[in-house]
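The block underneath contains the structure these notes are about, expressed in structure tokens.
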Amino acid sequence: MRTRSSLGLAAMLSGALAATALVFAPGAAAVSPGTATATYDCGSWGGGGATLTATQSGTAATVTLTSAVKTPIAVGADQINATLTLARAGGGTRVFSGKKNPALAANQSVTIGPLSGTVASGDSLNSYFAGTALKMVIFGVTVNCDALTSQSPGPFVFS
């Protein structure tokens with residue numbers, strides 16, 4: 001009889017410890033909304049709507065952008081060097097950069113990212129209007145894109 005009581009007590013204590021660990025475990029960082037849209041003008045390369053998808057892990061964040069801009073020629077994987085600047089509420093900017101893209105066929109919409117950047121808890125990031133918002137260098141040719149609209153449904157807010 002005594003063995004069953006000891007086993008029951010041990011099981012109960014283990015369960016209590018596991019529940020306590022879950023309560024005090026750090027929560028995963030999250031960005032909201034995870035996806036937003038904005039409109040960009042890339043000059044002679046065209047323009048239009050773009051979808052931005054953000055992720056966060058602590059202070060590290062990424063943004064992937066799929067735009068209406070189409071590449072006139074095929075581009076191999078990881079051949080577009082890109083910099084995306086987002087305006088920070090309250091002043092300043094956050095920059096996301098990298099040389100990440102899937103292989104793109106000629107006349108295909110450009111997808112770049114994930115572009116990496118650093119954020120702080122509470123950062124609210126939106127379209128950047130004080131200059132070039134998106135810069136892409138493709139085969140040595142620089143393509144500058146200006147944001148024409150704020151993000152919808154709203155800015156990325158990082159936790």
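Chain labels A, B, ... are given in the sequence in which chains occur in the structure tokens; within each chain residues are numbered consecutively from 1, and ligands are likewise numbered from 1 in the order shown.
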Within 6 Å of Val95 of chain A, counting only C-alpha atoms, which residues show up once you throw out same-chain ones fewer than 4 positions away? Write them as an mmCIF file with all heavy atoms, in the first residue's frame, please.
data_model
loop_
_atom_site.group_PDB
_atom_site.id
_atom_site.type_symbol
_atom_site.label_atom_id
_atom_site.label_comp_id
_atom_site.auth_asym_id
_atom_site.auth_seq_id
_atom_site.Cartn_x
_atom_site.Cartn_y
_atom_site.Cartn_z
ATOM 1 N N LEU A 84 15.548 46.560 -47.519
ATOM 2 C CA LEU A 84 14.206 47.088 -47.285
ATOM 3 C C LEU A 84 14.266 47.964 -46.037
ATOM 4 O O LEU A 84 14.699 47.505 -44.976
ATOM 5 C CB LEU A 84 13.203 45.947 -47.077
ATOM 6 C CG LEU A 84 11.786 46.351 -46.675
ATOM 7 C CD1 LEU A 84 11.092 47.098 -47.818
ATOM 8 C CD2 LEU A 84 10.971 45.121 -46.271
ATOM 9 N N THR A 85 13.864 49.213 -46.179
ATOM 10 C CA THR A 85 13.852 50.142 -45.048
ATOM 11 C C THR A 85 12.406 50.368 -44.629
ATOM 12 O O THR A 85 11.549 50.665 -45.471
ATOM 13 C CB THR A 85 14.503 51.482 -45.439
ATOM 14 O OG1 THR A 85 15.845 51.224 -45.880
ATOM 15 C CG2 THR A 85 14.534 52.442 -44.269
ATOM 16 N N GLY A 117 16.889 41.473 -40.120
ATOM 17 C CA GLY A 117 17.051 42.738 -39.419
ATOM 18 C C GLY A 117 16.924 42.530 -37.920
ATOM 19 O O GLY A 117 16.650 41.429 -37.455
#
Contacts of Gly34 of chain A at 10 Å (only C-alpha atoms; same-chain gap of 4+ positions) as a PyMOL selection string: chain A and resi 30+52-56+63+155-158
Could you take the residues named above and write them with N, CA, C and O atoms, as a compact mmCIF listing (two decimals), in the first residue's frame?
# COMPACT_ATOMS: atom_id res chain seq x y z
N ALA A 30 6.33 37.41 -31.11
CA ALA A 30 5.37 37.41 -32.20
C ALA A 30 5.29 38.80 -32.81
O ALA A 30 5.50 39.80 -32.13
N LEU A 52 4.15 41.77 -47.86
CA LEU A 52 5.27 41.65 -46.93
C LEU A 52 4.88 40.69 -45.82
O LEU A 52 3.80 40.83 -45.24
N THR A 53 5.75 39.74 -45.53
CA THR A 53 5.50 38.77 -44.47
C THR A 53 6.65 38.86 -43.47
O THR A 53 7.82 38.74 -43.86
N ALA A 54 6.30 39.09 -42.20
CA ALA A 54 7.32 39.27 -41.16
C ALA A 54 7.28 38.13 -40.15
O ALA A 54 6.22 37.57 -39.87
N THR A 55 8.47 37.79 -39.64
CA THR A 55 8.59 36.82 -38.56
C THR A 55 9.53 37.40 -37.52
O THR A 55 10.31 38.31 -37.82
N GLN A 56 9.47 36.87 -36.32
CA GLN A 56 10.32 37.36 -35.24
C GLN A 56 10.74 36.21 -34.34
O GLN A 56 9.97 35.31 -34.04
N VAL A 63 11.81 39.75 -43.01
CA VAL A 63 10.70 40.18 -43.85
C VAL A 63 10.93 39.58 -45.24
O VAL A 63 12.03 39.66 -45.79
N PRO A 155 0.82 48.66 -39.52
CA PRO A 155 2.26 48.42 -39.35
C PRO A 155 2.53 47.08 -38.67
O PRO A 155 1.66 46.54 -37.98
N PHE A 156 3.76 46.59 -38.84
CA PHE A 156 4.21 45.41 -38.10
C PHE A 156 4.55 45.87 -36.68
O PHE A 156 5.31 46.81 -36.50
N VAL A 157 3.98 45.22 -35.70
CA VAL A 157 4.28 45.53 -34.29
C VAL A 157 4.93 44.30 -33.70
O VAL A 157 4.36 43.21 -33.69
N PHE A 158 6.18 44.48 -33.22
CA PHE A 158 6.98 43.37 -32.70
C PHE A 158 6.88 43.33 -31.18
O PHE A 158 6.86 44.36 -30.52
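Closest approach to Phe129 of chain A among A:Pro33, A:Gly46, A:Gly58, A:Gly92 is made by A:Gly92 (distances from only C-alpha atoms).
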Could you check which of A:Val137, A:Ala120, A:Ala36, A:Ala87 is closest to Thr71 of chain A, using only C-alpha atoms?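 Smallest separation from Thr71 of chain A among the options: A:Val137.
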Hey, what's within 9 Å of Ala77 of chain A if we count only C-alpha atoms and toss same-chain stuff fewer than 4 positions away? As a PDB file with N, CA and C atoms, in the first residue's frame, please?
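Just written: selection-v9.pdb:
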ATOM      1  N   LYS A 100      18.821  36.921 -50.665  1.00  0.00           N
ATOM      2  CA  LYS A 100      17.989  35.726 -50.663  1.00  0.00           C
ATOM      3  C   LYS A 100      16.825  35.911 -51.623  1.00  0.00           C
ATOM      4  N   ASN A 101      16.743  35.016 -52.573  1.00  0.00           N
ATOM      5  CA  ASN A 101      15.589  34.969 -53.467  1.00  0.00           C
ATOM      6  C   ASN A 101      15.531  33.590 -54.093  1.00  0.00           C
ATOM      7  N   PRO A 102      14.334  33.144 -54.433  1.00  0.00           N
ATOM      8  CA  PRO A 102      14.245  31.888 -55.175  1.00  0.00           C
ATOM      9  C   PRO A 102      14.663  32.136 -56.623  1.00  0.00           C
ATOM     10  N   ALA A 103      14.929  31.092 -57.372  1.00  0.00           N
ATOM     11  CA  ALA A 103      15.183  31.242 -58.811  1.00  0.00           C
ATOM     12  C   ALA A 103      13.917  31.812 -59.444  1.00  0.00           C
ATOM     13  N   LEU A 104      14.095  32.811 -60.295  1.00  0.00           N
ATOM     14  CA  LEU A 104      12.952  33.482 -60.913  1.00  0.00           C
ATOM     15  C   LEU A 104      13.043  33.358 -62.426  1.00  0.00           C
TER      16      LEU A 104
END
Looking only at the backbone, which of the residues in chain A does DSSP tag as strand (DSSP E or B), as a PyMOL selection string? chain A and resi 31-32+35-41+47-57+60-70+75+80-88+93-98+104+109-118+124-127+134-138+141-147+152+156-158
